[in-house]
Amino acid sequence: MTLFLGSCASFIAADASLSASASWSAAEALITNFSFLPNVSFVAGDARGRQHSFDKGSMTLQKVLPLASSSKFPAALAIADVVQNGHLSFDTRVADVFAWWNSSDHHRSNVTLRHLLTMTSGLVCADVANCGVPCLNPVSPAAPLFQPEACARQIYDKGPWTSAPGAVWSYHSLHLQIAGAMAAAV
């Protein structure tokens, strides 16, 4: 089964055993009673297409929303697939993937994929967007497009490395940018 979550709380499930006649009342009740998400769209389907959909509150499947942090969950799932297929492990150090990630700063050299996915890499920043790293600035026609490794290198060079890996949780985009670059490199 594949499950994607987003800021619009759209759920997409793919399972060959789904059918249009399946009872979705339990799923709808769970979503309805989950007060943390007042506006939700739920979709379940398989290779044949959509089998069920459900909207709660003002959310609909047609509502257009900016992605923002909704990309974190599917990105983490894609990276977990790279791990499942044996290309990386959660304990792979970034320095084991990128030869240039070799610092006299012991903390930075020991950052693992696990630290990146749990947002405990040592990058601590109150700015949930780009933390001052140029490759994560909003895209404009004049802005260059960065390759994943080039962006990871900018984060390595300019990122706010303020704590030891595993010591502080800090929610922002830098972690998954590096993790994605690791997955793209193997």
# chains A, B, ... in the order shown; residues from 1 in each chain; ligands from 1
call {"tool": "residues_around", "arguments": {"residues": "Ser121 in chain A", "least_positions_apart": "5", "cutoff": "10 Å", "atoms": "only C-alpha atoms", "output": "ChimeraX atom specification"}}
result
/A:107-108,110-116,161-170,174-175
call {"tool": "closest_atom_pairs", "arguments": {"of": "range 51-144 of chain A", "to": "range 37-46 of chain A", "cutoff": "9 Å", "atoms": "only C-alpha atoms", "output": "tab-separated table"}}
result
residue	atom	partner	partner_atom	distance
A:Gln51	CA	A:Gly45	CA	4.7
A:His52	CA	A:Ala44	CA	5.3
A:Ser53	CA	A:Val43	CA	4.4
A:Phe54	CA	A:Phe42	CA	5.1
A:Asp55	CA	A:Ser41	CA	4.4
A:Lys56	CA	A:Val40	CA	5.0
A:Gly57	CA	A:Asn39	CA	4.5
A:Ser58	CA	A:Asn39	CA	5.6
A:Met59	CA	A:Asn39	CA	5.0
A:Thr60	CA	A:Ser41	CA	5.7
A:Leu61	CA	A:Ser41	CA	6.1
call {"tool": "write_last_selection", "arguments": {"atoms": "all heavy atoms", "output": "compact mmCIF listing (two decimals), in the first residue's frame"}}
result
# COMPACT_ATOMS: atom_id res chain seq x y z
N GLN A 51 -11.43 4.53 -6.32
CA GLN A 51 -12.46 3.63 -5.80
C GLN A 51 -13.35 4.31 -4.76
O GLN A 51 -14.47 3.89 -4.55
CB GLN A 51 -11.81 2.38 -5.19
CG GLN A 51 -10.97 1.59 -6.19
CD GLN A 51 -11.79 1.11 -7.38
OE1 GLN A 51 -12.90 0.63 -7.24
NE2 GLN A 51 -11.24 1.29 -8.56
N HIS A 52 -12.80 5.34 -4.09
CA HIS A 52 -13.59 6.03 -3.08
C HIS A 52 -12.97 7.40 -2.83
O HIS A 52 -11.76 7.55 -2.88
CB HIS A 52 -13.63 5.24 -1.77
CG HIS A 52 -14.48 5.88 -0.72
ND1 HIS A 52 -15.85 5.83 -0.76
CD2 HIS A 52 -14.17 6.62 0.36
CE1 HIS A 52 -16.34 6.49 0.28
NE2 HIS A 52 -15.34 6.98 0.97
N SER A 53 -13.80 8.38 -2.57
CA SER A 53 -13.30 9.69 -2.14
C SER A 53 -14.24 10.25 -1.09
O SER A 53 -15.42 9.88 -1.02
CB SER A 53 -13.16 10.63 -3.32
OG SER A 53 -14.42 10.91 -3.90
N PHE A 54 -13.70 11.13 -0.27
CA PHE A 54 -14.46 11.71 0.83
C PHE A 54 -13.86 13.07 1.15
O PHE A 54 -12.64 13.21 1.22
CB PHE A 54 -14.37 10.78 2.06
CG PHE A 54 -14.93 11.37 3.32
CD1 PHE A 54 -16.30 11.49 3.50
CD2 PHE A 54 -14.10 11.78 4.34
CE1 PHE A 54 -16.83 12.02 4.67
CE2 PHE A 54 -14.61 12.30 5.51
CZ PHE A 54 -15.98 12.42 5.68
N ASP A 55 -14.69 14.09 1.29
CA ASP A 55 -14.25 15.44 1.66
C ASP A 55 -14.81 15.80 3.02
O ASP A 55 -15.95 15.45 3.34
CB ASP A 55 -14.73 16.47 0.64
CG ASP A 55 -14.14 16.27 -0.74
OD1 ASP A 55 -12.98 15.80 -0.82
OD2 ASP A 55 -14.83 16.58 -1.73
N LYS A 56 -14.00 16.50 3.81
CA LYS A 56 -14.43 16.98 5.13
C LYS A 56 -14.15 18.47 5.21
O LYS A 56 -13.07 18.92 4.81
CB LYS A 56 -13.67 16.25 6.23
CG LYS A 56 -13.92 16.77 7.63
CD LYS A 56 -13.03 16.08 8.64
CE LYS A 56 -13.10 16.76 9.99
NZ LYS A 56 -12.14 16.19 10.93
N GLY A 57 -15.08 19.23 5.73
CA GLY A 57 -14.89 20.68 5.87
C GLY A 57 -14.85 21.36 4.51
O GLY A 57 -15.55 20.97 3.58
N SER A 58 -13.99 22.35 4.40
CA SER A 58 -13.93 23.13 3.15
C SER A 58 -12.97 22.56 2.13
O SER A 58 -12.80 23.11 1.05
CB SER A 58 -13.52 24.58 3.47
OG SER A 58 -12.21 24.60 4.01
N MET A 59 -12.35 21.44 2.43
CA MET A 59 -11.40 20.84 1.50
C MET A 59 -12.13 20.02 0.44
O MET A 59 -13.08 19.30 0.74
CB MET A 59 -10.43 19.92 2.25
CG MET A 59 -9.30 19.41 1.39
SD MET A 59 -8.31 20.70 0.65
CE MET A 59 -7.79 21.62 2.09
N THR A 60 -11.67 20.18 -0.80
CA THR A 60 -12.16 19.35 -1.89
C THR A 60 -10.96 18.91 -2.71
O THR A 60 -9.87 19.48 -2.61
CB THR A 60 -13.13 20.12 -2.82
OG1 THR A 60 -12.39 21.11 -3.53
CG2 THR A 60 -14.28 20.75 -2.04
N LEU A 61 -11.16 17.91 -3.53
CA LEU A 61 -10.07 17.44 -4.39
C LEU A 61 -9.71 18.47 -5.46
O LEU A 61 -8.62 18.44 -6.02
CB LEU A 61 -10.46 16.12 -5.05
CG LEU A 61 -10.60 14.95 -4.10
CD1 LEU A 61 -11.11 13.72 -4.83
CD2 LEU A 61 -9.28 14.65 -3.42
call {"tool": "select_by_dssp", "arguments": {"residues": "chain A", "states": "alpha helix (DSSP H)", "output": "short mmCIF file (atom, residue, chain, number, x, y, z; two decimals) with N, CA and C atoms, in the first residue's frame"}}
result
data_model
loop_
_atom_site.label_atom_id
_atom_site.label_comp_id
_atom_site.auth_asym_id
_atom_site.auth_seq_id
_atom_site.Cartn_x
_atom_site.Cartn_y
_atom_site.Cartn_z
N SER A 25 -17.04 3.35 5.57
CA SER A 25 -17.62 4.08 6.69
C SER A 25 -16.66 4.20 7.86
N ALA A 26 -15.84 3.19 8.12
CA ALA A 26 -14.89 3.27 9.23
C ALA A 26 -13.83 4.33 8.94
N ALA A 27 -13.32 4.38 7.72
CA ALA A 27 -12.32 5.38 7.36
C ALA A 27 -12.93 6.78 7.44
N GLU A 28 -14.14 6.94 6.93
CA GLU A 28 -14.79 8.24 6.99
C GLU A 28 -15.05 8.67 8.43
N ALA A 29 -15.45 7.73 9.29
CA ALA A 29 -15.68 8.06 10.71
C ALA A 29 -14.37 8.49 11.38
N LEU A 30 -13.30 7.80 11.09
CA LEU A 30 -12.00 8.15 11.66
C LEU A 30 -11.59 9.56 11.23
N ILE A 31 -11.73 9.86 9.96
CA ILE A 31 -11.39 11.19 9.45
C ILE A 31 -12.31 12.25 10.03
N THR A 32 -13.59 11.97 10.08
CA THR A 32 -14.56 12.92 10.61
C THR A 32 -14.26 13.25 12.07
N ASN A 33 -13.90 12.25 12.85
CA ASN A 33 -13.67 12.45 14.28
C ASN A 33 -12.29 12.96 14.63
N LYS A 72 7.26 16.82 2.20
CA LYS A 72 8.17 16.11 3.10
C LYS A 72 7.81 14.62 3.23
N PHE A 73 6.54 14.31 3.40
CA PHE A 73 6.15 12.93 3.61
C PHE A 73 6.40 12.05 2.38
N PRO A 74 5.94 12.45 1.18
CA PRO A 74 6.25 11.61 0.02
C PRO A 74 7.76 11.54 -0.25
N ALA A 75 8.49 12.63 0.03
CA ALA A 75 9.95 12.59 -0.15
C ALA A 75 10.56 11.56 0.80
N ALA A 76 10.11 11.56 2.05
CA ALA A 76 10.62 10.58 3.02
C ALA A 76 10.28 9.15 2.59
N LEU A 77 9.09 8.96 2.02
CA LEU A 77 8.71 7.62 1.54
C LEU A 77 9.61 7.19 0.38
N ALA A 78 9.90 8.10 -0.53
CA ALA A 78 10.78 7.76 -1.66
C ALA A 78 12.18 7.41 -1.15
N ILE A 79 12.66 8.14 -0.16
CA ILE A 79 13.98 7.86 0.41
C ILE A 79 13.96 6.52 1.15
N ALA A 80 12.87 6.23 1.86
CA ALA A 80 12.74 4.94 2.54
C ALA A 80 12.75 3.79 1.52
N ASP A 81 12.21 4.02 0.34
CA ASP A 81 12.24 3.01 -0.72
C ASP A 81 13.68 2.75 -1.16
N VAL A 82 14.50 3.78 -1.23
CA VAL A 82 15.92 3.62 -1.56
C VAL A 82 16.60 2.76 -0.50
N VAL A 83 16.23 2.97 0.76
CA VAL A 83 16.77 2.15 1.86
C VAL A 83 16.28 0.71 1.72
N GLN A 84 14.99 0.54 1.51
CA GLN A 84 14.43 -0.81 1.39
C GLN A 84 15.09 -1.59 0.26
N VAL A 94 26.33 10.88 5.63
CA VAL A 94 26.37 11.71 4.42
C VAL A 94 27.79 11.67 3.85
N ALA A 95 28.78 11.66 4.73
CA ALA A 95 30.19 11.62 4.30
C ALA A 95 30.52 10.35 3.54
N ASP A 96 29.74 9.28 3.71
CA ASP A 96 29.96 8.04 2.96
C ASP A 96 29.41 8.12 1.53
N VAL A 97 28.55 9.09 1.28
CA VAL A 97 27.97 9.27 -0.05
C VAL A 97 28.70 10.36 -0.82
N HIS A 106 33.67 17.41 13.77
CA HIS A 106 33.29 16.01 14.03
C HIS A 106 31.77 15.81 13.93
N HIS A 107 31.01 16.79 14.43
CA HIS A 107 29.56 16.64 14.42
C HIS A 107 29.01 16.53 13.00
N ARG A 108 29.41 17.43 12.14
CA ARG A 108 28.89 17.43 10.77
C ARG A 108 29.28 16.14 10.04
N SER A 109 30.46 15.64 10.29
CA SER A 109 30.93 14.43 9.60
C SER A 109 30.15 13.19 10.01
N LEU A 113 21.68 9.47 7.51
CA LEU A 113 20.36 9.58 6.89
C LEU A 113 19.27 9.58 7.97
N ARG A 114 19.45 8.80 9.01
CA ARG A 114 18.47 8.77 10.11
C ARG A 114 18.34 10.15 10.75
N HIS A 115 19.48 10.82 11.00
CA HIS A 115 19.42 12.17 11.57
C HIS A 115 18.65 13.11 10.65
N LEU A 116 18.89 12.99 9.36
CA LEU A 116 18.23 13.87 8.40
C LEU A 116 16.73 13.63 8.38
N LEU A 117 16.31 12.37 8.36
CA LEU A 117 14.88 12.05 8.28
C LEU A 117 14.14 12.36 9.58
N PRO A 148 20.44 18.35 -6.95
CA PRO A 148 20.38 17.96 -5.54
C PRO A 148 21.73 18.02 -4.82
N GLU A 149 22.78 17.50 -5.45
CA GLU A 149 24.08 17.50 -4.78
C GLU A 149 24.62 18.92 -4.60
N ALA A 150 24.39 19.78 -5.57
CA ALA A 150 24.85 21.17 -5.45
C ALA A 150 24.14 21.88 -4.30
N CYS A 151 22.86 21.60 -4.13
CA CYS A 151 22.12 22.19 -3.01
C CYS A 151 22.62 21.63 -1.69
N ALA A 152 22.87 20.32 -1.64
CA ALA A 152 23.42 19.71 -0.42
C ALA A 152 24.77 20.35 -0.07
N ARG A 153 25.57 20.63 -1.08
CA ARG A 153 26.87 21.27 -0.85
C ARG A 153 26.70 22.67 -0.28
N GLN A 154 25.72 23.41 -0.78
CA GLN A 154 25.45 24.74 -0.23
C GLN A 154 25.02 24.64 1.23
N ILE A 155 24.18 23.67 1.54
CA ILE A 155 23.74 23.48 2.93
C ILE A 155 24.94 23.14 3.80
N TYR A 156 25.81 22.27 3.31
CA TYR A 156 27.03 21.91 4.03
C TYR A 156 27.87 23.16 4.31
N ASP A 157 28.03 24.00 3.30
CA ASP A 157 28.89 25.18 3.42
C ASP A 157 28.24 26.31 4.21
N LYS A 158 26.94 26.54 4.04
CA LYS A 158 26.29 27.73 4.58
C LYS A 158 25.25 27.45 5.66
N LEU A 174 16.01 21.86 5.18
CA LEU A 174 17.40 21.50 4.88
C LEU A 174 17.65 19.99 4.97
N HIS A 175 17.08 19.36 5.98
CA HIS A 175 17.32 17.93 6.21
C HIS A 175 16.95 17.09 4.99
N LEU A 176 15.72 17.28 4.51
CA LEU A 176 15.26 16.45 3.39
C LEU A 176 15.95 16.80 2.08
N GLN A 177 16.44 18.02 1.96
CA GLN A 177 17.22 18.35 0.76
C GLN A 177 18.48 17.50 0.71
N ILE A 178 19.15 17.37 1.84
CA ILE A 178 20.37 16.56 1.89
C ILE A 178 20.04 15.08 1.71
N ALA A 179 18.99 14.61 2.40
CA ALA A 179 18.59 13.21 2.28
C ALA A 179 18.22 12.88 0.83
N GLY A 180 17.49 13.77 0.18
CA GLY A 180 17.13 13.56 -1.22
C GLY A 180 18.35 13.52 -2.13
N ALA A 181 19.33 14.38 -1.83
CA ALA A 181 20.56 14.37 -2.62
C ALA A 181 21.30 13.06 -2.43
N MET A 182 21.28 12.52 -1.21
CA MET A 182 21.92 11.21 -0.96
C MET A 182 21.23 10.14 -1.81
N ALA A 183 19.90 10.14 -1.79
CA ALA A 183 19.14 9.12 -2.54
C ALA A 183 19.38 9.27 -4.04
N ALA A 184 19.48 10.50 -4.52
CA ALA A 184 19.71 10.72 -5.95
C ALA A 184 21.11 10.30 -6.38
N ALA A 185 22.05 10.31 -5.44
CA ALA A 185 23.45 10.02 -5.77
C ALA A 185 23.77 8.52 -5.84
#
call {"tool": "select_by_dssp", "arguments": {"residues": "range 3-181 of chain A", "states": "strand (DSSP E or B)", "output": "compact mmCIF listing (two decimals) with N, CA, C and O atoms, in the first residue's frame"}}
result
# COMPACT_ATOMS: atom_id res chain seq x y z
N LEU A 3 0.81 5.41 0.64
CA LEU A 3 0.00 6.44 1.29
C LEU A 3 0.76 7.75 1.21
O LEU A 3 1.92 7.81 1.57
N PHE A 4 0.11 8.79 0.71
CA PHE A 4 0.72 10.11 0.65
C PHE A 4 -0.12 11.06 1.50
O PHE A 4 -1.33 11.05 1.42
N SER A 10 -4.70 15.33 1.80
CA SER A 10 -5.23 14.39 0.81
C SER A 10 -4.54 13.06 1.02
O SER A 10 -3.34 13.00 1.17
N PHE A 11 -5.28 12.02 1.04
CA PHE A 11 -4.75 10.69 1.23
C PHE A 11 -4.96 9.91 -0.05
O PHE A 11 -6.07 9.87 -0.56
N ILE A 12 -3.93 9.28 -0.57
CA ILE A 12 -4.06 8.48 -1.78
C ILE A 12 -3.53 7.10 -1.44
O ILE A 12 -2.37 6.94 -1.12
N ALA A 13 -4.36 6.11 -1.51
CA ALA A 13 -3.92 4.75 -1.21
C ALA A 13 -4.03 3.90 -2.46
O ALA A 13 -4.98 4.03 -3.21
N ALA A 14 -3.06 3.06 -2.67
CA ALA A 14 -3.10 2.15 -3.81
C ALA A 14 -2.98 0.73 -3.29
O ALA A 14 -2.00 0.38 -2.66
N VAL A 40 -10.22 18.07 5.11
CA VAL A 40 -9.51 16.90 4.58
C VAL A 40 -10.18 16.40 3.32
O VAL A 40 -11.41 16.39 3.23
N SER A 41 -9.36 15.98 2.37
CA SER A 41 -9.84 15.21 1.23
C SER A 41 -9.16 13.85 1.27
O SER A 41 -7.95 13.78 1.47
N PHE A 42 -9.92 12.80 1.10
CA PHE A 42 -9.41 11.43 1.16
C PHE A 42 -9.72 10.75 -0.15
O PHE A 42 -10.85 10.83 -0.64
N VAL A 43 -8.73 10.09 -0.73
CA VAL A 43 -8.93 9.35 -1.97
C VAL A 43 -8.29 7.98 -1.81
O VAL A 43 -7.16 7.88 -1.33
N ALA A 44 -8.98 6.94 -2.20
CA ALA A 44 -8.42 5.60 -2.22
C ALA A 44 -8.65 5.04 -3.61
O ALA A 44 -9.72 5.20 -4.19
N GLY A 45 -7.62 4.41 -4.15
CA GLY A 45 -7.74 3.85 -5.47
C GLY A 45 -6.70 2.79 -5.73
O GLY A 45 -5.86 2.51 -4.89
N ASP A 46 -6.77 2.21 -6.90
CA ASP A 46 -5.81 1.20 -7.32
C ASP A 46 -5.53 1.41 -8.80
O ASP A 46 -5.86 2.46 -9.35
N GLY A 49 -8.16 2.87 -10.98
CA GLY A 49 -8.59 4.25 -10.78
C GLY A 49 -9.15 4.47 -9.40
O GLY A 49 -9.01 3.65 -8.48
N ARG A 50 -9.84 5.58 -9.24
CA ARG A 50 -10.41 5.98 -7.95
C ARG A 50 -11.52 5.02 -7.55
O ARG A 50 -12.43 4.72 -8.33
N GLN A 51 -11.43 4.53 -6.32
CA GLN A 51 -12.46 3.63 -5.80
C GLN A 51 -13.35 4.31 -4.76
O GLN A 51 -14.47 3.89 -4.55
N HIS A 52 -12.80 5.34 -4.09
CA HIS A 52 -13.59 6.03 -3.08
C HIS A 52 -12.97 7.40 -2.83
O HIS A 52 -11.76 7.55 -2.88
N SER A 53 -13.80 8.38 -2.57
CA SER A 53 -13.30 9.69 -2.14
C SER A 53 -14.24 10.25 -1.09
O SER A 53 -15.42 9.88 -1.02
N PHE A 54 -13.70 11.13 -0.27
CA PHE A 54 -14.46 11.71 0.83
C PHE A 54 -13.86 13.07 1.15
O PHE A 54 -12.64 13.21 1.22
N ASP A 55 -14.69 14.09 1.29
CA ASP A 55 -14.25 15.44 1.66
C ASP A 55 -14.81 15.80 3.02
O ASP A 55 -15.95 15.45 3.34
N LYS A 56 -14.00 16.50 3.81
CA LYS A 56 -14.43 16.98 5.13
C LYS A 56 -14.15 18.47 5.21
O LYS A 56 -13.07 18.92 4.81
N ARG A 93 26.21 7.47 6.66
CA ARG A 93 26.64 8.84 6.90
C ARG A 93 26.65 9.60 5.57
O ARG A 93 26.95 9.04 4.53
N THR A 112 23.91 11.24 9.78
CA THR A 112 23.42 10.06 9.05
C THR A 112 22.08 10.36 8.39
O THR A 112 21.42 11.37 8.69
N LEU A 123 21.51 20.77 12.15
CA LEU A 123 21.10 22.00 11.49
C LEU A 123 19.93 22.57 12.28
O LEU A 123 18.86 21.96 12.33
N TRP A 161 24.87 24.95 11.25
CA TRP A 161 25.28 23.76 12.00
C TRP A 161 25.57 24.19 13.43
O TRP A 161 26.62 24.74 13.73
call {"tool": "atom_distance", "arguments": {"atom1": "CA of Asp127 in chain A", "atom2": "CA of Phe146 in chain A"}}
result
20.2 Å
call {"tool": "atom_distance", "arguments": {"atom1": "CA of Leu145 in chain A", "atom2": "CA of Val133 in chain A"}}
result
13.4 Å
call {"tool": "atom_distance", "arguments": {"atom1": "CA of Phe34 in chain A", "atom2": "CA of Met119 in chain A"}}
result
25.6 Å
call {"tool": "closest_atom_pairs", "arguments": {"of": "range 130-184 of chain A", "to": "range 62-68 of chain A", "cutoff": "12 Å", "atoms": "only C-alpha atoms", "output": "JSON lines"}}
result
{"residue": "A:Asn130", "atom": "CA", "partner": "A:Ala68", "partner_atom": "CA", "distance": 11.5}
{"residue": "A:Leu136", "atom": "CA", "partner": "A:Ala68", "partner_atom": "CA", "distance": 11.8}
{"residue": "A:Pro138", "atom": "CA", "partner": "A:Ala68", "partner_atom": "CA", "distance": 10.9}
{"residue": "A:His172", "atom": "CA", "partner": "A:Ala68", "partner_atom": "CA", "distance": 10.6}
{"residue": "A:Ser173", "atom": "CA", "partner": "A:Ala68", "partner_atom": "CA", "distance": 9.4}
